[in-house]
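A quick write-up on the structure given underneath.
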Amino acid sequence: MKKKRFIVHVDMDAFFAAIEQRDNPQLRGKPVVVGADPKAGKGRGVVSTCSYEARKFGIHSAMPISIAYKKCPHAIFLPVDGEKYHDVSRQIYKVFYDFTPDVEPISIDEAFLDISGSWHLFGSPFDTCLSIKAEIKDQIKLTASVGLAPIKMAAKIASDLKKPDGMVEVTQEGLLDFLWPLNIRKIWGLGERSEDILHNMGIRTIGDLAKKDVREIIAVFGKNGDHFWQLANGIDDREIEVETEAKSISNEFTFDEDTLDKKRIESVLMLLCEKVSWRLRQEGFKGRTVTLKIRLEGFHTYTRAATISKPTNFTDVIYQESKNLYDNFERKNKKVRLLGVKASNFFPSDFKDSLFREQEDEKREGIHKAVDGIRRKFGENSIYRARGKLQ
Ligand code: TTP
Ligand code: MG
């Protein structure tokens with residue numbers, strides 16, 4: 001049987017406007033419009049967003065600011081403070097990563113999370129969503145709307161249903177009952193033209209589409225038709241697309257002379273681990289897999305890999321893993337020509353494994369930060385552990 005998937009879609013409520021209301025209590029409960037300067041109705045530009053109080057007047061995102069002014073001249077109009085909203089966005093993403101490493105960023109205030117592998121840490125999938133909302137409220141003092149479903153499309157639709165501060169769960173068993181009454185416009189990727197064609201075929205709801213013979217839909221829309229029909233039937237295997245720009249970080253060192261000198265080999269290993277872990281920290285990653293590359297005299301090259309229980313960018317952890325791999329490698333007394341260390345299987349460095357996190361980690365993070373600070377100031381080669389020094 002296929003493993004059950006739990007996909008969460010989080011979308012902050014009236015994001016820019018809610019931040020302004022949070023930061024200025026006088027704005028709370030009032031119509032607030034964030035966007036271009038209305039200049040008493042003569043302003044150009046558009047509304048970025050507005051508070052729910054302003055929406056009652058018919059104001060919405062992308063509306064010309066002059067029209068928004070006409071609809072509600074007594075609204076409070078504020079300029080866009082992009083830097084502030086980006087800071088808040090980063091804090092929200094930090095909360096997401098406390099719940100799962102599988103986060104797909106969609107926009108400044110919206111993301112998909114796959115909690116299939118982590119919900120058991122927080123109770124049920126539903127409880128996990130409530131905790132995400134609660135953490136955002138506690139830490140950031142803002143409300144989010146959340147949808148939970150077995151497929152992305154349904155999770156996204158669900159998060160929008162009970163805005164603001166909403167929480168809607170769609171179970172696998174309830175998926176079709178949820179989707180079928182909805183307008184076909186809700187199907188992802190289905191544009192206005194396709195909608196017109198479907199209307200002409202007598203298809204108005206997702207259920208109408210699902211119940212049609214798929215061959216009929218394919219005849220009209222080709223391959224897309226199959227995709228639309230599958231979505232209408234709640235079939236969508238698309239995974240969360242986690243953003244990691246680099247897939248691995250590695251460093252190699254070739255000895256001037258092939259060697260068996262244990263001290264020298266360990267020094268080089270330490271140096272490589274320092275460099276790899278420094279780059280991990282610079283690029284904001286932690287790795288779970290450490291790979292050691294060994295080239296022996298005669299040019300045979302081998303790799304050995306180990307996956308550790310929690311992602312790391314700590315030099316000593318990467319070194320310990322590399323050294324274990326080296327010690328367990330049977331080199332039959334052949335000399336070593338080259339060593340390489342690679343970290344892969346990335347997680348964002350914000351990722352905190354709540355199960356395994358030890359207090360000790362905080363201290364080590366502090367030490368690494370201090371060392372990184374010196375490196376940034378005095379250059380990458382300014383500081384290395386004693387063992388990593390190369391004569
Ligand atoms: P949305 O999530 O679409 O809107 P929202 O968070 O303001 O309101 P909702 O409760 O309906 O989710 O967009 C997030 C932010 O992106 C929004 O606060 C402002 C910005 N934005 C624009 O600048 N222009 C736009 O046209 C839209 C749609 C959003
Ligand atoms: Mg939003």
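Identifiers for the structure tokens are assigned positionally: chains receive A, B, ... in sequence, residues are indexed from 1 per chain, and ligands are indexed from 1 in the order shown.
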**OP:** Mind the document's chain letters and residue numbers, and return as a PyMOL selection string the residues of range 11-200 of chain A that DSSP labels helix (DSSP H, G or I).
**Re:** chain A and resi 15-23+25-27+39-41+52-55+65-71+82-99+119-122+125-140+152-161+175-179+184-186+192-200
**OP:** Give the strand (DSSP E) residues of range 32-98 of chain A, as DSSP finds them on the backbone, and put them as an MDAnalysis selection string.
**Re:** chainID A and resid 32:35 47:50 76:78
Atoms to include: N, CA, C and O atoms. Write the selected residues as a PDB file, in the first residue's frame.
ATOM      1  N   VAL A  32      -6.818  49.170   6.367  1.00  0.00           N
ATOM      2  CA  VAL A  32      -5.436  49.564   6.070  1.00  0.00           C
ATOM      3  C   VAL A  32      -5.103  49.088   4.663  1.00  0.00           C
ATOM      4  O   VAL A  32      -5.341  47.929   4.323  1.00  0.00           O
ATOM      5  N   VAL A  33      -4.597  50.003   3.853  1.00  0.00           N
ATOM      6  CA  VAL A  33      -4.233  49.651   2.479  1.00  0.00           C
ATOM      7  C   VAL A  33      -2.733  49.866   2.319  1.00  0.00           C
ATOM      8  O   VAL A  33      -2.227  50.958   2.555  1.00  0.00           O
ATOM      9  N   VAL A  34      -2.009  48.814   1.924  1.00  0.00           N
ATOM     10  CA  VAL A  34      -0.571  48.946   1.689  1.00  0.00           C
ATOM     11  C   VAL A  34      -0.348  48.968   0.185  1.00  0.00           C
ATOM     12  O   VAL A  34      -0.843  48.101  -0.537  1.00  0.00           O
ATOM     13  N   GLY A  35       0.379  49.982  -0.282  1.00  0.00           N
ATOM     14  CA  GLY A  35       0.617  50.066  -1.722  1.00  0.00           C
ATOM     15  C   GLY A  35       1.077  51.451  -2.116  1.00  0.00           C
ATOM     16  O   GLY A  35       1.722  52.152  -1.328  1.00  0.00           O
ATOM     17  N   VAL A  47      -2.668  48.656  -5.353  1.00  0.00           N
ATOM     18  CA  VAL A  47      -2.747  48.135  -3.989  1.00  0.00           C
ATOM     19  C   VAL A  47      -1.895  46.862  -3.923  1.00  0.00           C
ATOM     20  O   VAL A  47      -2.048  45.985  -4.778  1.00  0.00           O
ATOM     21  N   SER A  48      -0.993  46.768  -2.944  1.00  0.00           N
ATOM     22  CA  SER A  48      -0.265  45.508  -2.742  1.00  0.00           C
ATOM     23  C   SER A  48      -1.158  44.526  -2.007  1.00  0.00           C
ATOM     24  O   SER A  48      -1.345  43.396  -2.417  1.00  0.00           O
ATOM     25  N   THR A  49      -1.662  45.001  -0.885  1.00  0.00           N
ATOM     26  CA  THR A  49      -2.675  44.219  -0.175  1.00  0.00           C
ATOM     27  C   THR A  49      -3.402  45.159   0.773  1.00  0.00           C
ATOM     28  O   THR A  49      -3.037  46.332   0.910  1.00  0.00           O
ATOM     29  N   CYS A  50      -4.443  44.641   1.412  1.00  0.00           N
ATOM     30  CA  CYS A  50      -5.155  45.471   2.391  1.00  0.00           C
ATOM     31  C   CYS A  50      -5.680  44.581   3.503  1.00  0.00           C
ATOM     32  O   CYS A  50      -5.770  43.358   3.348  1.00  0.00           O
ATOM     33  N   ILE A  76      -6.535  53.873   5.947  1.00  0.00           N
ATOM     34  CA  ILE A  76      -5.161  54.317   6.207  1.00  0.00           C
ATOM     35  C   ILE A  76      -4.275  53.739   5.113  1.00  0.00           C
ATOM     36  O   ILE A  76      -4.196  52.519   4.950  1.00  0.00           O
ATOM     37  N   PHE A  77      -3.652  54.614   4.338  1.00  0.00           N
ATOM     38  CA  PHE A  77      -2.818  54.178   3.214  1.00  0.00           C
ATOM     39  C   PHE A  77      -1.352  54.206   3.636  1.00  0.00           C
ATOM     40  O   PHE A  77      -0.868  55.230   4.129  1.00  0.00           O
ATOM     41  N   LEU A  78      -0.671  53.109   3.434  1.00  0.00           N
ATOM     42  CA  LEU A  78       0.739  53.012   3.847  1.00  0.00           C
ATOM     43  C   LEU A  78       1.610  52.536   2.691  1.00  0.00           C
ATOM     44  O   LEU A  78       1.163  51.733   1.861  1.00  0.00           O
TER      45      LEU A  78
END
Original post:
Hey, which residues come within 7 Å of ligand 1 if we count only C-alpha atoms and all ligand atoms? Could you give them as a ChimeraX atom specification?
Top reply: /A:11-17,47-50,61-62,108-110,163-164
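Neighbouring residues of Phe329 in chain A at 12 Å or closer, counting only C-alpha atoms and skipping chain neighbours under 6 positions away, are Leu292, Lys293, Ile294, Arg295, Leu296, Tyr302, Thr303, Arg304, Ala305, Ser322, Lys323 and Val336 of chain A.
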Original post:
Can you tell me how far CA of Gly202 in chain A sits from CA of Asn233 in chain A, in Å to one decimal?
Top reply: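 Those two atoms sit 17.7 Å apart.
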Excluding same-chain residues fewer than 5 positions from range 180-192 of chain A, what lies within 8 Å of it counting only C-alpha atoms, as a PDB file with N, CA and C atoms, in the first residue's frame?
ATOM      1  N   MET A 153      -2.678  20.309  -4.472  1.00  0.00           N
ATOM      2  CA  MET A 153      -3.763  21.165  -4.956  1.00  0.00           C
ATOM      3  C   MET A 153      -4.852  21.315  -3.893  1.00  0.00           C
ATOM      4  N   ILE A 157      -6.177  24.733  -1.873  1.00  0.00           N
ATOM      5  CA  ILE A 157      -7.580  25.166  -1.866  1.00  0.00           C
ATOM      6  C   ILE A 157      -8.069  25.259  -0.415  1.00  0.00           C
ATOM      7  N   ILE A 203     -19.581  20.537 -18.413  1.00  0.00           N
ATOM      8  CA  ILE A 203     -18.793  20.240 -17.207  1.00  0.00           C
ATOM      9  C   ILE A 203     -18.571  21.530 -16.419  1.00  0.00           C
ATOM     10  N   ARG A 204     -19.096  21.576 -15.189  1.00  0.00           N
ATOM     11  CA  ARG A 204     -18.965  22.796 -14.385  1.00  0.00           C
ATOM     12  C   ARG A 204     -18.194  22.555 -13.097  1.00  0.00           C
ATOM     13  N   THR A 205     -18.369  21.390 -12.530  1.00  0.00           N
ATOM     14  CA  THR A 205     -17.666  21.114 -11.266  1.00  0.00           C
ATOM     15  C   THR A 205     -16.552  20.104 -11.500  1.00  0.00           C
ATOM     16  N   ILE A 206     -15.683  20.024 -10.504  1.00  0.00           N
ATOM     17  CA  ILE A 206     -14.583  19.051 -10.576  1.00  0.00           C
ATOM     18  C   ILE A 206     -15.164  17.630 -10.660  1.00  0.00           C
ATOM     19  N   GLY A 207     -16.295  17.430  -9.961  1.00  0.00           N
ATOM     20  CA  GLY A 207     -16.957  16.117  -9.996  1.00  0.00           C
ATOM     21  C   GLY A 207     -17.444  15.776 -11.402  1.00  0.00           C
ATOM     22  N   ASP A 208     -18.009  16.773 -12.111  1.00  0.00           N
ATOM     23  CA  ASP A 208     -18.463  16.536 -13.500  1.00  0.00           C
ATOM     24  C   ASP A 208     -17.295  16.030 -14.340  1.00  0.00           C
ATOM     25  N   LEU A 209     -16.148  16.673 -14.160  1.00  0.00           N
ATOM     26  CA  LEU A 209     -14.960  16.314 -14.948  1.00  0.00           C
ATOM     27  C   LEU A 209     -14.485  14.904 -14.587  1.00  0.00           C
ATOM     28  N   ALA A 210     -14.465  14.626 -13.283  1.00  0.00           N
ATOM     29  CA  ALA A 210     -13.950  13.331 -12.813  1.00  0.00           C
ATOM     30  C   ALA A 210     -14.775  12.173 -13.359  1.00  0.00           C
ATOM     31  N   PHE A 228      -5.598  16.944 -16.095  1.00  0.00           N
ATOM     32  CA  PHE A 228      -6.775  17.570 -15.464  1.00  0.00           C
ATOM     33  C   PHE A 228      -7.686  16.503 -14.856  1.00  0.00           C
ATOM     34  N   LEU A 231      -6.214  15.030 -11.699  1.00  0.00           N
ATOM     35  CA  LEU A 231      -6.380  15.956 -10.567  1.00  0.00           C
ATOM     36  C   LEU A 231      -7.822  15.920 -10.064  1.00  0.00           C
ATOM     37  N   ALA A 232      -8.762  15.908 -10.999  1.00  0.00           N
ATOM     38  CA  ALA A 232     -10.176  15.887 -10.623  1.00  0.00           C
ATOM     39  C   ALA A 232     -10.499  14.632  -9.823  1.00  0.00           C
TER      40      ALA A 232
END
Original post:
Excluding same-chain residues fewer than 3 positions from range 367-371 of chain A, what lies within 10 Å of it counting only C-alpha atoms, as a PyMOL selection string?
Top reply: chain A and resi 277-278+281+313-315+361-364+374-377+382-384
Subject >> For CA of Leu161 in chain A and CA of Leu148 in chain A, the interatomic separation in Å (one decimal) >> reply: 11.6 Å
**OP:** Write out as number ranges by chain each polymer residue whose atoms come within 7 Å of Asp226 in chain A, counting only C-alpha atoms; drop sequence neighbours fewer than 4 positions from it.
**Re:** A: 214, 217-218, 230
**OP:** Mind checking which residues fall within 12 Å of Ser131 in chain A, counting only C-alpha atoms, ignoring those fewer than 5 positions away in the same chain, and posting them as a list in words?
**Re:** Val95, Phe96, Asp98, Phe99, Trp119, Leu121, Phe122, Gly123, Ser124, Pro125, Phe126, Ile136, Lys137, Asp138, Gln139, Ala144, Val146 and Met167 of chain A
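Proximity to Ala68 in chain A was assessed for A:Lys247, A:Lys42, A:His120, A:Lys84 counting only C-alpha atoms; the smallest distance is recorded for A:Lys42.
Using only C-alpha atoms and all ligand atoms, the smallest distance between any of A:Lys4, A:Lys156, A:Pro79, A:Lys334 and ligand 2 comes from A:Lys156.
If you measure from each of A:Leu142, A:Leu27, A:Val8, A:Leu175 to ligand 2 using only C-alpha atoms and all ligand atoms, the closest one turns out to be A:Leu142.
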Subject >> From A:Glu365, A:Asp237, A:Glu257, A:Asp213, residue lying nearest Thr312 in chain A [only C-alpha atoms] >> reply: A:Glu365
**OP:** Quick one: pull the distance between CA of Gln172 in chain A and CA of Tyr93 in chain A, Å, one decimal.
**Re:** 26.8 Å
